[in-house]
Each structure stands twice: as C-alpha cells, then as structure tokens.
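This is protein17.pdb (PDB, C-alpha atoms, pLDDT in the B column).
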ATOM      1  CA  MET A  16      93.778 -59.661 196.245  1.00 57.00           C
ATOM      2  CA  PRO A  17      90.588 -59.518 198.345  1.00 71.00           C
ATOM      3  CA  THR A  18      89.219 -62.765 199.743  1.00 68.00           C
ATOM      4  CA  ALA A  19      85.634 -61.473 199.386  1.00 75.00           C
ATOM      5  CA  PRO A  20      83.986 -59.131 196.846  1.00 91.00           C
ATOM      6  CA  ALA A  21      82.829 -56.734 199.550  1.00 98.00           C
ATOM      7  CA  LEU A  22      84.648 -54.862 202.296  1.00 98.00           C
ATOM      8  CA  VAL A  23      82.939 -53.545 205.443  1.00 98.00           C
ATOM      9  CA  ILE A  24      84.661 -50.469 206.883  1.00 98.00           C
ATOM     10  CA  ILE A  25      84.211 -49.948 210.623  1.00 98.00           C
ATOM     11  CA  PRO A  26      85.619 -46.736 212.172  1.00 97.00           C
ATOM     12  CA  THR A  27      86.495 -47.063 215.844  1.00 96.00           C
ATOM     13  CA  TYR A  28      87.525 -44.919 218.764  1.00 95.00           C
ATOM     14  CA  ASN A  29      87.242 -46.563 222.172  1.00 95.00           C
ATOM     15  CA  GLU A  30      84.952 -49.373 220.977  1.00 96.00           C
ATOM     16  CA  ARG A  31      86.700 -52.311 222.678  1.00 95.00           C
ATOM     17  CA  GLU A  32      83.548 -53.733 224.271  1.00 93.00           C
ATOM     18  CA  SER A  33      81.403 -53.310 221.166  1.00 95.00           C
ATOM     19  CA  ILE A  34      83.852 -54.487 218.512  1.00 96.00           C
ATOM     20  CA  GLU A  35      84.257 -58.000 219.921  1.00 95.00           C
ATOM     21  CA  ARG A  36      80.488 -58.509 219.646  1.00 95.00           C
ATOM     22  CA  ILE A  37      79.984 -57.061 216.183  1.00 97.00           C
ATOM     23  CA  LEU A  38      82.902 -58.623 214.278  1.00 98.00           C
ATOM     24  CA  PRO A  39      81.645 -62.244 214.377  1.00 97.00           C
ATOM     25  CA  ARG A  40      78.244 -61.130 213.099  1.00 97.00           C
ATOM     26  CA  VAL A  41      79.842 -59.248 210.209  1.00 98.00           C
ATOM     27  CA  LEU A  42      82.155 -62.139 209.304  1.00 98.00           C
ATOM     28  CA  ALA A  43      79.139 -64.473 209.194  1.00 97.00           C
ATOM     29  CA  THR A  44      77.843 -62.573 206.134  1.00 97.00           C
ATOM     30  CA  GLY A  45      80.910 -63.580 204.079  1.00 97.00           C
ATOM     31  CA  VAL A  46      82.541 -60.160 203.703  1.00 97.00           C
ATOM     32  CA  ASP A  47      85.983 -58.832 204.599  1.00 97.00           C
ATOM     33  CA  ILE A  48      86.400 -56.250 207.357  1.00 98.00           C
ATOM     34  CA  LEU A  49      88.621 -53.197 207.683  1.00 98.00           C
ATOM     35  CA  VAL A  50      88.657 -51.575 211.115  1.00 98.00           C
ATOM     36  CA  VAL A  51      89.885 -47.970 210.922  1.00 98.00           C
ATOM     37  CA  ASP A  52      91.029 -47.187 214.443  1.00 98.00           C
ATOM     38  CA  ASP A  53      92.069 -43.718 215.610  1.00 96.00           C
ATOM     39  CA  SER A  54      94.621 -45.011 218.142  1.00 96.00           C
ATOM     40  CA  SER A  55      91.934 -45.821 220.715  1.00 96.00           C
ATOM     41  CA  PRO A  56      93.278 -45.515 224.286  1.00 96.00           C
ATOM     42  CA  ASP A  57      91.084 -48.456 225.384  1.00 96.00           C
ATOM     43  CA  GLY A  58      92.995 -50.999 223.276  1.00 96.00           C
ATOM     44  CA  THR A  59      90.488 -51.424 220.426  1.00 97.00           C
ATOM     45  CA  GLY A  60      93.248 -51.465 217.818  1.00 97.00           C
ATOM     46  CA  GLU A  61      95.365 -53.980 219.720  1.00 97.00           C
ATOM     47  CA  TYR A  62      92.389 -56.307 220.090  1.00 98.00           C
ATOM     48  CA  VAL A  63      91.585 -56.152 216.364  1.00 98.00           C
ATOM     49  CA  ALA A  64      95.252 -56.729 215.498  1.00 98.00           C
ATOM     50  CA  SER A  65      95.262 -59.882 217.618  1.00 98.00           C
ATOM     51  CA  LEU A  66      92.180 -61.202 215.789  1.00 97.00           C
ATOM     52  CA  ALA A  67      93.703 -60.414 212.405  1.00 98.00           C
ATOM     53  CA  GLU A  68      96.627 -62.722 213.132  1.00 97.00           C
ATOM     54  CA  SER A  69      94.340 -65.755 212.849  1.00 97.00           C
ATOM     55  CA  GLU A  70      91.505 -64.391 210.662  1.00 97.00           C
ATOM     56  CA  PRO A  71      92.675 -63.247 207.183  1.00 97.00           C
ATOM     57  CA  ARG A  72      89.380 -61.456 206.498  1.00 97.00           C
ATOM     58  CA  ILE A  73      89.983 -58.953 209.319  1.00 98.00           C
ATOM     59  CA  HIS A  74      92.249 -55.996 208.611  1.00 98.00           C
ATOM     60  CA  LEU A  75      93.336 -53.016 210.696  1.00 98.00           C
ATOM     61  CA  LEU A  76      94.216 -49.490 209.609  1.00 98.00           C
ATOM     62  CA  THR A  77      95.542 -47.393 212.494  1.00 97.00           C
ATOM     63  CA  ARG A  78      95.565 -43.606 212.324  1.00 95.00           C
ATOM     64  CA  GLY A  79      97.408 -41.203 214.586  1.00 91.00           C
ATOM     65  CA  GLY A  80      94.711 -39.902 216.911  1.00 87.00           C
ATOM     66  CA  LYS A  81      91.039 -38.999 216.682  1.00 88.00           C
ATOM     67  CA  GLN A  82      90.413 -37.412 213.265  1.00 87.00           C
ATOM     68  CA  GLY A  83      86.685 -37.781 212.678  1.00 87.00           C
ATOM     69  CA  LEU A  84      84.196 -40.041 210.936  1.00 91.00           C
ATOM     70  CA  GLY A  85      84.481 -38.604 207.427  1.00 92.00           C
ATOM     71  CA  PRO A  86      88.275 -38.876 207.188  1.00 93.00           C
ATOM     72  CA  ALA A  87      88.077 -42.420 208.605  1.00 95.00           C
ATOM     73  CA  TYR A  88      85.735 -43.534 205.830  1.00 96.00           C
ATOM     74  CA  LEU A  89      87.776 -41.777 203.154  1.00 96.00           C
ATOM     75  CA  ALA A  90      90.873 -43.605 204.381  1.00 96.00           C
ATOM     76  CA  GLY A  91      88.918 -46.858 204.341  1.00 97.00           C
ATOM     77  CA  PHE A  92      87.631 -46.204 200.821  1.00 97.00           C
ATOM     78  CA  ALA A  93      91.186 -45.587 199.582  1.00 97.00           C
ATOM     79  CA  TRP A  94      92.402 -48.804 201.255  1.00 97.00           C
ATOM     80  CA  GLY A  95      89.596 -50.875 199.747  1.00 97.00           C
ATOM     81  CA  LEU A  96      89.818 -49.382 196.263  1.00 97.00           C
ATOM     82  CA  GLU A  97      93.550 -50.074 196.139  1.00 96.00           C
ATOM     83  CA  ARG A  98      92.742 -53.735 196.774  1.00 96.00           C
ATOM     84  CA  ASP A  99      90.020 -53.969 194.131  1.00 96.00           C
ATOM     85  CA  TYR A 100      86.984 -54.701 196.271  1.00 97.00           C
ATOM     86  CA  GLY A 101      83.784 -54.446 194.251  1.00 97.00           C
ATOM     87  CA  VAL A 102      81.591 -53.019 197.028  1.00 98.00           C
ATOM     88  CA  LEU A 103      82.556 -50.978 200.082  1.00 98.00           C
ATOM     89  CA  LEU A 104      80.212 -50.741 203.054  1.00 98.00           C
ATOM     90  CA  GLU A 105      80.044 -48.440 206.070  1.00 98.00           C
ATOM     91  CA  LEU A 106      78.999 -49.860 209.430  1.00 97.00           C
ATOM     92  CA  ASP A 107      79.123 -48.560 213.005  1.00 95.00           C
ATOM     93  CA  ALA A 108      80.996 -50.581 215.605  1.00 95.00           C
ATOM     94  CA  ASP A 109      78.394 -50.090 218.324  1.00 93.00           C
ATOM     95  CA  GLY A 110      75.863 -52.662 217.112  1.00 92.00           C
ATOM     96  CA  SER A 111      73.262 -50.143 215.973  1.00 93.00           C
ATOM     97  CA  HIS A 112      73.535 -51.378 212.378  1.00 96.00           C
ATOM     98  CA  PRO A 113      72.400 -55.020 212.037  1.00 96.00           C
ATOM     99  CA  PRO A 114      75.054 -56.857 209.963  1.00 97.00           C
ATOM    100  CA  GLU A 115      72.456 -59.442 208.985  1.00 97.00           C
ATOM    101  CA  VAL A 116      71.107 -56.912 206.442  1.00 98.00           C
ATOM    102  CA  ILE A 117      74.415 -56.884 204.518  1.00 98.00           C
ATOM    103  CA  PRO A 118      73.359 -59.696 202.121  1.00 97.00           C
ATOM    104  CA  THR A 119      70.185 -57.775 201.278  1.00 97.00           C
ATOM    105  CA  MET A 120      72.170 -54.628 200.542  1.00 98.00           C
ATOM    106  CA  LEU A 121      74.618 -56.517 198.335  1.00 97.00           C
ATOM    107  CA  LYS A 122      71.757 -58.202 196.467  1.00 97.00           C
ATOM    108  CA  VAL A 123      70.216 -54.829 195.596  1.00 97.00           C
ATOM    109  CA  LEU A 124      73.484 -53.831 193.936  1.00 96.00           C
ATOM    110  CA  ALA A 125      73.931 -57.209 192.244  1.00 95.00           C
ATOM    111  CA  ASP A 126      70.387 -57.157 190.842  1.00 96.00           C
ATOM    112  CA  ASP A 127      70.726 -53.660 189.373  1.00 95.00           C
ATOM    113  CA  THR A 128      70.832 -54.046 185.595  1.00 92.00           C
ATOM    114  CA  SER A 129      70.394 -50.346 184.842  1.00 91.00           C
ATOM    115  CA  GLY A 130      73.683 -49.183 186.329  1.00 90.00           C
ATOM    116  CA  ARG A 131      71.825 -46.315 187.974  1.00 94.00           C
ATOM    117  CA  VAL A 132      72.011 -47.606 191.557  1.00 96.00           C
ATOM    118  CA  GLY A 133      75.109 -46.089 193.092  1.00 95.00           C
ATOM    119  CA  GLY A 134      74.568 -47.453 196.566  1.00 97.00           C
ATOM    120  CA  VAL A 135      72.241 -48.800 199.223  1.00 98.00           C
ATOM    121  CA  ILE A 136      71.260 -47.280 202.574  1.00 98.00           C
ATOM    122  CA  GLY A 137      70.124 -49.173 205.648  1.00 97.00           C
ATOM    123  CA  SER A 138      67.299 -46.792 206.496  1.00 96.00           C
ATOM    124  CA  ARG A 139      65.472 -45.998 209.718  1.00 94.00           C
ATOM    125  CA  TRP A 140      62.906 -43.703 208.180  1.00 90.00           C
ATOM    126  CA  VAL A 141      61.322 -45.739 205.379  1.00 94.00           C
ATOM    127  CA  GLU A 142      58.402 -48.146 205.716  1.00 94.00           C
ATOM    128  CA  GLY A 143      59.525 -51.136 207.750  1.00 95.00           C
ATOM    129  CA  GLY A 144      62.395 -49.253 209.377  1.00 95.00           C
ATOM    130  CA  SER A 145      62.485 -48.485 213.089  1.00 93.00           C
ATOM    131  CA  VAL A 146      64.563 -47.141 215.974  1.00 92.00           C
ATOM    132  CA  VAL A 147      64.851 -48.924 219.338  1.00 90.00           C
ATOM    133  CA  ASN A 148      65.953 -47.401 222.655  1.00 84.00           C
ATOM    134  CA  TRP A 149      66.511 -43.901 221.335  1.00 82.00           C
ATOM    135  CA  PRO A 150      65.399 -40.856 223.339  1.00 82.00           C
ATOM    136  CA  ALA A 151      62.936 -38.505 221.680  1.00 82.00           C
ATOM    137  CA  SER A 152      65.648 -35.837 221.355  1.00 79.00           C
ATOM    138  CA  ARG A 153      67.825 -38.089 219.173  1.00 80.00           C
ATOM    139  CA  LYS A 154      64.871 -39.028 216.983  1.00 82.00           C
ATOM    140  CA  PHE A 155      64.034 -35.347 216.543  1.00 81.00           C
ATOM    141  CA  ILE A 156      67.608 -34.474 215.578  1.00 80.00           C
ATOM    142  CA  SER A 157      67.861 -37.355 213.108  1.00 80.00           C
ATOM    143  CA  ARG A 158      64.498 -36.906 211.426  1.00 83.00           C
ATOM    144  CA  GLY A 159      64.752 -33.130 211.517  1.00 82.00           C
ATOM    145  CA  GLY A 160      68.249 -33.207 210.054  1.00 82.00           C
ATOM    146  CA  SER A 161      67.169 -35.506 207.240  1.00 85.00           C
ATOM    147  CA  TRP A 162      64.158 -33.312 206.467  1.00 88.00           C
ATOM    148  CA  TYR A 163      66.288 -30.154 206.400  1.00 89.00           C
ATOM    149  CA  ALA A 164      68.915 -31.725 204.144  1.00 88.00           C
ATOM    150  CA  ARG A 165      66.278 -33.128 201.762  1.00 91.00           C
ATOM    151  CA  THR A 166      64.594 -29.756 201.532  1.00 92.00           C
ATOM    152  CA  MET A 167      67.726 -27.655 201.092  1.00 93.00           C
ATOM    153  CA  LEU A 168      69.467 -30.034 198.690  1.00 93.00           C
ATOM    154  CA  GLY A 169      66.519 -31.445 196.752  1.00 93.00           C
ATOM    155  CA  LEU A 170      67.267 -35.040 197.746  1.00 94.00           C
ATOM    156  CA  LYS A 171      64.888 -38.002 197.571  1.00 93.00           C
ATOM    157  CA  VAL A 172      66.555 -40.109 200.264  1.00 94.00           C
ATOM    158  CA  ARG A 173      64.526 -40.300 203.476  1.00 94.00           C
ATOM    159  CA  ASP A 174      67.377 -41.162 205.850  1.00 95.00           C
ATOM    160  CA  VAL A 175      69.984 -38.704 204.582  1.00 93.00           C
ATOM    161  CA  THR A 176      72.190 -38.923 207.683  1.00 91.00           C
ATOM    162  CA  ALA A 177      72.197 -42.738 207.789  1.00 94.00           C
ATOM    163  CA  GLY A 178      75.617 -44.246 208.403  1.00 94.00           C
ATOM    164  CA  TYR A 179      74.833 -47.786 207.244  1.00 97.00           C
ATOM    165  CA  ARG A 180      75.645 -47.823 203.534  1.00 98.00           C
ATOM    166  CA  ALA A 181      77.003 -49.862 200.631  1.00 98.00           C
ATOM    167  CA  TYR A 182      78.662 -48.261 197.609  1.00 98.00           C
ATOM    168  CA  ARG A 183      79.810 -49.725 194.314  1.00 97.00           C
ATOM    169  CA  ALA A 184      83.561 -49.274 193.957  1.00 97.00           C
ATOM    170  CA  ASP A 185      83.266 -47.785 190.468  1.00 96.00           C
ATOM    171  CA  VAL A 186      80.918 -45.113 191.816  1.00 96.00           C
ATOM    172  CA  LEU A 187      83.377 -44.143 194.550  1.00 97.00           C
ATOM    173  CA  ARG A 188      86.140 -43.897 191.969  1.00 96.00           C
ATOM    174  CA  SER A 189      84.029 -41.515 189.893  1.00 94.00           C
ATOM    175  CA  LEU A 190      83.178 -39.121 192.735  1.00 93.00           C
ATOM    176  CA  PRO A 191      85.215 -36.009 193.625  1.00 87.00           C
ATOM    177  CA  LEU A 192      86.048 -37.356 197.074  1.00 90.00           C
ATOM    178  CA  ALA A 193      89.098 -35.122 197.442  1.00 85.00           C
ATOM    179  CA  GLY A 194      86.798 -32.152 198.008  1.00 83.00           C
ATOM    180  CA  ILE A 195      85.078 -33.671 201.056  1.00 87.00           C
ATOM    181  CA  GLU A 196      85.955 -31.874 204.280  1.00 78.00           C
ATOM    182  CA  SER A 197      83.082 -33.070 206.472  1.00 81.00           C
ATOM    183  CA  HIS A 198      84.212 -34.715 209.701  1.00 76.00           C
ATOM    184  CA  GLY A 199      81.019 -35.782 211.490  1.00 75.00           C
ATOM    185  CA  TYR A 200      77.718 -37.249 210.315  1.00 78.00           C
ATOM    186  CA  CYS A 201      77.566 -34.443 207.785  1.00 88.00           C
ATOM    187  CA  PHE A 202      79.843 -36.714 205.751  1.00 92.00           C
ATOM    188  CA  GLN A 203      76.837 -38.906 204.949  1.00 94.00           C
ATOM    189  CA  ILE A 204      74.869 -35.924 203.654  1.00 92.00           C
ATOM    190  CA  ASP A 205      77.853 -34.877 201.559  1.00 93.00           C
ATOM    191  CA  MET A 206      78.107 -38.333 200.002  1.00 95.00           C
ATOM    192  CA  THR A 207      74.363 -38.372 199.287  1.00 95.00           C
ATOM    193  CA  ARG A 208      74.400 -35.066 197.417  1.00 93.00           C
ATOM    194  CA  ARG A 209      77.473 -36.043 195.410  1.00 93.00           C
ATOM    195  CA  ILE A 210      75.882 -39.299 194.266  1.00 95.00           C
ATOM    196  CA  ALA A 211      72.670 -37.465 193.382  1.00 94.00           C
ATOM    197  CA  ALA A 212      74.707 -34.952 191.362  1.00 92.00           C
ATOM    198  CA  GLU A 213      76.003 -37.870 189.277  1.00 94.00           C
ATOM    199  CA  GLY A 214      72.422 -38.835 188.437  1.00 94.00           C
ATOM    200  CA  LEU A 215      72.686 -42.019 190.487  1.00 96.00           C
ATOM    201  CA  GLU A 216      70.190 -43.497 192.933  1.00 96.00           C
ATOM    202  CA  LEU A 217      70.584 -44.569 196.542  1.00 97.00           C
ATOM    203  CA  VAL A 218      68.143 -47.368 197.343  1.00 98.00           C
ATOM    204  CA  GLU A 219      66.882 -47.514 200.937  1.00 98.00           C
ATOM    205  CA  VAL A 220      66.221 -50.837 202.643  1.00 98.00           C
ATOM    206  CA  PRO A 221      64.556 -50.833 206.083  1.00 97.00           C
ATOM    207  CA  ILE A 222      66.526 -51.728 209.208  1.00 97.00           C
ATOM    208  CA  GLU A 223      65.857 -51.912 212.916  1.00 95.00           C
ATOM    209  CA  PHE A 224      68.314 -49.428 214.390  1.00 94.00           C
ATOM    210  CA  ARG A 225      69.255 -50.102 218.022  1.00 89.00           C
ATOM    211  CA  ASP A 226      70.987 -47.640 220.298  1.00 84.00           C
ATOM    212  CA  ARG A 227      74.438 -48.679 221.475  1.00 70.00           C
ATOM    213  CA  GLU A 228      74.755 -50.898 224.543  1.00 69.00           C
ATOM    214  CA  PHE A 229      78.403 -50.089 225.317  1.00 56.00           C
ATOM    215  CA  GLY A 230      80.567 -46.982 225.137  1.00 54.00           C
ATOM    216  CA  ASP A 231      79.576 -43.391 224.589  1.00 57.00           C
ATOM    217  CA  SER A 232      77.788 -41.795 221.642  1.00 55.00           C
ATOM    218  CA  LYS A 233      79.991 -39.730 219.340  1.00 53.00           C
ATOM    219  CA  MET A 234      77.137 -37.283 218.682  1.00 53.00           C
ATOM    220  CA  SER A 235      77.872 -33.759 219.915  1.00 54.00           C
ATOM    221  CA  GLY A 236      76.742 -30.179 219.490  1.00 62.00           C
ATOM    222  CA  ALA A 237      79.733 -29.520 217.233  1.00 68.00           C
ATOM    223  CA  ILE A 238      78.707 -32.346 214.902  1.00 66.00           C
ATOM    224  CA  VAL A 239      75.144 -31.016 214.660  1.00 72.00           C
ATOM    225  CA  ARG A 240      76.404 -27.475 214.011  1.00 76.00           C
ATOM    226  CA  GLU A 241      78.761 -28.667 211.293  1.00 76.00           C
ATOM    227  CA  ALA A 242      75.884 -30.363 209.500  1.00 71.00           C
ATOM    228  CA  MET A 243      73.555 -27.367 209.798  1.00 76.00           C
ATOM    229  CA  VAL A 244      76.167 -24.905 208.545  1.00 84.00           C
ATOM    230  CA  LYS A 245      77.353 -27.009 205.638  1.00 81.00           C
ATOM    231  CA  VAL A 246      73.868 -28.027 204.487  1.00 80.00           C
ATOM    232  CA  THR A 247      72.828 -24.373 204.511  1.00 85.00           C
ATOM    233  CA  GLU A 248      75.911 -23.420 202.478  1.00 85.00           C
ATOM    234  CA  TRP A 249      75.307 -26.235 200.001  1.00 79.00           C
ATOM    235  CA  GLY A 250      71.633 -25.312 199.745  1.00 83.00           C
ATOM    236  CA  PHE A 251      72.408 -21.720 198.797  1.00 83.00           C
ATOM    237  CA  ALA A 252      75.089 -22.906 196.360  1.00 81.00           C
ATOM    238  CA  ARG A 253      72.515 -25.204 194.770  1.00 81.00           C
ATOM    239  CA  ALA A 254      70.031 -22.326 194.524  1.00 80.00           C
ATOM    240  CA  PHE A 255      72.617 -20.317 192.607  1.00 77.00           C
ATOM    241  CA  ARG A 256      73.588 -23.409 190.580  1.00 74.00           C
ATOM    242  CA  ARG A 257      77.200 -23.518 191.725  1.00 65.00           C
ATOM    243  CA  PRO A 258      78.946 -26.828 190.942  1.00 58.00           C
ATOM    244  CA  ILE A 259      80.061 -29.193 193.699  1.00 60.00           C
ATOM    245  CA  GLN A 260      83.669 -28.493 194.534  1.00 56.00           C
ATOM    246  CA  SER A 261      86.110 -31.231 193.620  1.00 45.00           C
TER
END
Could you render the structure from this file as structure tokens?
Amino acid sequence: MPTAPALVIIPTYNERESIERILPRVLATGVDILVVDDSSPDGTGEYVASLAESEPRIHLLTRGGKQGLGPAYLAGFAWGLERDYGVLLELDADGSHPPEVIPTMLKVLADDTSGRVGGVIGSRWVEGGSVVNWPASRKFISRGGSWYARTMLGLKVRDVTAGYRAYRADVLRSLPLAGIESHGYCFQIDMTRRIAAEGLELVEVPIEFRDREFGDSKMSGAIVREAMVKVTEWGFARAFRRPIQS
C-alpha cells in the first residue's frame, strides 16, 4: 500500500548531479517518489537505489536502456496504478519544475467537486508563469509548439507541451493509454488531447520554470520533428472526425 496519496514520477537518464538536489525538495511536500531510470551510465539508478534503502518513500524502476520520455511515464503510471495511488505526477529531474508547487496542484484536484478536472499543469505560459535562463530559441520552440498544437487540435491549454503535471488515477485508468506511441515531449500533447476528448479539463497553475543547472538537455531535432509530424496527423484526423486510436 502507498505511504502517501500521491506519487511523483521522475524519468532519468544521466541525471546523477541533478537527482540528489531535487529528491529532498520533492520529499518535503509529503509525496512518494518513483524514479524511472533508463540504466543511466552515470550511476543515477545506483544512487537512487542506495537512498531507497533508508527512505521508504523513494522507489526505483530500472529499464533496459534509453527508451524515451513517453514510455518512461507510461511505465510509471502502470507502477503507480497497481499500487493504488490517488494522484500521479510528472516532474523533471533537472530542477526546472519547482516541487514546492506540488501542494498547490494537489489542492486543485482535491477542491474539484465537479469531477471535471482531470489534471493540473504547472504552466509557463499563463499569467504569473515565467521562464528563467532559457535562450530565445527554446522559448520560440516551446511557445510556437504550444500555439501550433492548440490550433491544430482545438485545445484550450496554453502550455500544451508542459511536462509538469498531476493526474487523477481514475482519469488515467479511463484513458486509452495503450495507443500512445509518442516518445519525446509530444507525449504531453498526446495526453492533453486524450483528456480533452474525454470532456475533462486540465487546470493550469503558474510556475517559474528554470533551465537545468547540470547535465545536458534531452531536447533534439528528432523530438521536435516527432511533435510536428504527429500534431499535423492528429489535426487532420480531427478535421475528418476520426476517433482517437486506442
């Protein structure tokens, strides 16, 4: 049985320097943690395993090699749902997502009496949100990608590509997650459109997003291309009223 009602899922690949700084901040919010490590060569998994020996709220799921962001979160969702957590959160290991906002995100879900809020997004692009230490090119890609996805898919969310999220477990159980094939940040767009298709809302709360201090960004041309291609395909499918594949 879980020791906390919420589980924070943190995918890692070569995040040894970052993970030791972010885990104490996450634990301070009262949640459990699952690190999904893709057999990092830098010893990230071994470090987390050593912490888990003395901290029962830290868990490690090791996968055989680098498999991508989307599959990491899907594996984390499956792990958390099997253990009956009520809320599952996504959070980057690099410190760009402030863990101190977790209580606010959980409160939004707890205060929802309508049952229409499927999740919460820590958003850069709503009033009160901001980005620190990002080059103009990254801001352009992020804001441009969100605008394109909103336009093509008819979404209301401002920060469609945001990776800081909290989902109700019952919502994740109801979604056709088996049909998700997105590997990069396109995964977040895919999740957004699937929740919208269920008639559910994603509430955005502002965050201060800070660029990573350690390690290398996982953003690449291939990740951007995947998002552009898939969003275009989904947009045309939506125009012709084709159902989301399960």
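The two atoms in question, atom CA of Gly79 of chain A and atom CA of Phe202 of chain A, are spaced 20.2 Å apart.
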Which residue of A:Glu68, A:Pro56, A:Val123, A:Ile48 approaches Gly91 of chain A most closely, using only C-alpha atoms:
A:Ile48
Find the residues near Leu49 of chain A: any atom within 8 Å, counting all atoms listed in the file, skip ones fewer than 3 places away on the same chain, and give them as a count of residues only.
9
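Among the candidates A:Ile37, A:Leu124, A:Ala67, A:Ala90, the residue lying nearest to Glu219 of chain A is A:Leu124 (atoms considered: all atoms listed in the file).
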For this file, the PyMOL selection byres ((chain A and resi 179) around 7) selects which residues, as a list in words?
Glu105, Leu106, His112, Ile136, Gly137, Ala177, Gly178 and Arg180 of chain A
With 8 Å on each side, where is the centre of the axis-aligned box around all listed atoms of segment 95-100 of chain A, and how long are its edges in Å to one decimal, as JSON?
{"center_x": 90.3, "center_y": -52.0, "center_z": 196.9, "size_x": 22.6, "size_y": 21.3, "size_z": 21.6}
For segment 27-33 of chain A, find every residue with an atom within 6 Å (counting all atoms listed in the file), except residues of its own chain fewer than 6 positions away, and show them as number ranges by chain.
A: 52-53, 55, 57, 59, 109
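Across A:Met206, A:Leu190, A:Ala151, A:Val220, the tightest approach to Leu170 of chain A is made by A:Met206 when counting all atoms listed in the file.
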Residues at most 12 Å from Ser138 of chain A, counting all atoms listed in the file, excluding those fewer than 4 positions away in the same chain, as a PyMOL selection string?
chain A and resi 111-113+116+120+142-146+157-158+161+172-181+217-224
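For the set A:Leu187, A:Ala93, A:Ala252, A:Ile156, the residue with the smallest atom-to-atom gap to Val239 of chain A is A:Ile156, counting all atoms listed in the file.
Minimum atom-to-atom distance to Arg225 of chain A, evaluated using only C-alpha atoms, belongs to A:Val147 out of A:Ala87, A:Leu104, A:Val147, A:Ala64.
Atom CA of Gly169 of chain A is positioned 28.9 Å from atom CA of Pro26 of chain A.
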Distance atom CA of Arg131 of chain A-atom CA of Trp249 of chain A, one decimal place?
23.7 Å
What lies within 9 Å of Phe251 of chain A using all atoms listed in the file, ignoring chain neighbours under 5 positions off, as a PyMOL selection string?
chain A and resi 167-168+246+256-257
Taking 4 positions as the minimum chain separation for residues in the same chain, which residues sit within 12 Å of Asp47 of chain A when counting only C-alpha atoms? Answer as a PDB file with C-alpha atoms, in the frame of the given file.
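Output file around.pdb is given in full below:
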ATOM      1  CA  MET A  16      93.778 -59.661 196.245  1.00 57.00           C
ATOM      2  CA  PRO A  17      90.588 -59.518 198.345  1.00 71.00           C
ATOM      3  CA  THR A  18      89.219 -62.765 199.743  1.00 68.00           C
ATOM      4  CA  ALA A  19      85.634 -61.473 199.386  1.00 75.00           C
ATOM      5  CA  PRO A  20      83.986 -59.131 196.846  1.00 91.00           C
ATOM      6  CA  ALA A  21      82.829 -56.734 199.550  1.00 98.00           C
ATOM      7  CA  LEU A  22      84.648 -54.862 202.296  1.00 98.00           C
ATOM      8  CA  VAL A  23      82.939 -53.545 205.443  1.00 98.00           C
ATOM      9  CA  ILE A  24      84.661 -50.469 206.883  1.00 98.00           C
ATOM     10  CA  ILE A  25      84.211 -49.948 210.623  1.00 98.00           C
ATOM     11  CA  LEU A  38      82.902 -58.623 214.278  1.00 98.00           C
ATOM     12  CA  PRO A  39      81.645 -62.244 214.377  1.00 97.00           C
ATOM     13  CA  ARG A  40      78.244 -61.130 213.099  1.00 97.00           C
ATOM     14  CA  VAL A  41      79.842 -59.248 210.209  1.00 98.00           C
ATOM     15  CA  LEU A  42      82.155 -62.139 209.304  1.00 98.00           C
ATOM     16  CA  ALA A  43      79.139 -64.473 209.194  1.00 97.00           C
ATOM     17  CA  ALA A  67      93.703 -60.414 212.405  1.00 98.00           C
ATOM     18  CA  GLU A  70      91.505 -64.391 210.662  1.00 97.00           C
ATOM     19  CA  PRO A  71      92.675 -63.247 207.183  1.00 97.00           C
ATOM     20  CA  ARG A  72      89.380 -61.456 206.498  1.00 97.00           C
ATOM     21  CA  ILE A  73      89.983 -58.953 209.319  1.00 98.00           C
ATOM     22  CA  HIS A  74      92.249 -55.996 208.611  1.00 98.00           C
ATOM     23  CA  LEU A  75      93.336 -53.016 210.696  1.00 98.00           C
ATOM     24  CA  GLY A  95      89.596 -50.875 199.747  1.00 97.00           C
ATOM     25  CA  ARG A  98      92.742 -53.735 196.774  1.00 96.00           C
ATOM     26  CA  TYR A 100      86.984 -54.701 196.271  1.00 97.00           C
ATOM     27  CA  GLY A 101      83.784 -54.446 194.251  1.00 97.00           C
ATOM     28  CA  VAL A 102      81.591 -53.019 197.028  1.00 98.00           C
ATOM     29  CA  LEU A 103      82.556 -50.978 200.082  1.00 98.00           C
ATOM     30  CA  LEU A 104      80.212 -50.741 203.054  1.00 98.00           C
ATOM     31  CA  ILE A 117      74.415 -56.884 204.518  1.00 98.00           C
TER      32      ILE A 117
END
For Pro118 of chain A, the nearest of the candidates A:Val63, A:Val46, A:Val141, A:Ile210, counting only C-alpha atoms
A:Val46
Expanded to explicit residues, what is the PyMOL selection byres ((chain A and resi 86) around 10) for this file, as a ChimeraX atom specification?
/A:26,51,81-85,87-92,195-199,202
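For the file shown, the residue list from the PyMOL selection byres ((chain A and resi 209) around 10) reads Leu190, Pro191, Leu192, Ile195, Gln203, Ile204, Asp205, Met206, Thr207, Arg208, Ile210, Ala211, Ala212, Glu213, Gly214, Leu215, Ile259 and Gln260 of chain A.
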Please, could you write that set of residues out with C-alpha atoms as a short mmCIF file (atom, residue, chain, number, x, y, z; two decimals), in the frame of the given file?
data_model
loop_
_atom_site.label_atom_id
_atom_site.label_comp_id
_atom_site.auth_asym_id
_atom_site.auth_seq_id
_atom_site.Cartn_x
_atom_site.Cartn_y
_atom_site.Cartn_z
CA LEU A 190 83.18 -39.12 192.74
CA PRO A 191 85.22 -36.01 193.62
CA LEU A 192 86.05 -37.36 197.07
CA ILE A 195 85.08 -33.67 201.06
CA GLN A 203 76.84 -38.91 204.95
CA ILE A 204 74.87 -35.92 203.65
CA ASP A 205 77.85 -34.88 201.56
CA MET A 206 78.11 -38.33 200.00
CA THR A 207 74.36 -38.37 199.29
CA ARG A 208 74.40 -35.07 197.42
CA ILE A 210 75.88 -39.30 194.27
CA ALA A 211 72.67 -37.47 193.38
CA ALA A 212 74.71 -34.95 191.36
CA GLU A 213 76.00 -37.87 189.28
CA GLY A 214 72.42 -38.84 188.44
CA LEU A 215 72.69 -42.02 190.49
CA ILE A 259 80.06 -29.19 193.70
CA GLN A 260 83.67 -28.49 194.53
#
Emit a file covering segment 208-223 of chain A of the preceding structure with C-alpha atoms, as a short mmCIF file (atom, residue, chain, number, x, y, z; two decimals), in the first residue's frame.
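The resulting file, result.cif, is shown below:
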data_model
loop_
_atom_site.label_atom_id
_atom_site.label_comp_id
_atom_site.auth_asym_id
_atom_site.auth_seq_id
_atom_site.Cartn_x
_atom_site.Cartn_y
_atom_site.Cartn_z
CA ARG A 208 -5.76 15.78 -26.45
CA ARG A 209 -6.87 12.49 -24.92
CA ILE A 210 -8.06 14.18 -21.74
CA ALA A 211 -9.85 16.84 -23.78
CA ALA A 212 -11.54 14.09 -25.81
CA GLU A 213 -12.98 12.74 -22.55
CA GLY A 214 -14.57 16.13 -21.87
CA LEU A 215 -12.24 16.76 -18.94
CA GLU A 216 -10.34 19.91 -18.03
CA LEU A 217 -6.66 20.50 -17.36
CA VAL A 218 -6.22 23.40 -14.94
CA GLU A 219 -3.04 25.45 -15.36
CA VAL A 220 -1.25 26.91 -12.35
CA PRO A 221 1.68 29.30 -12.93
CA ILE A 222 5.25 28.23 -12.21
CA GLU A 223 8.69 29.74 -12.54
#
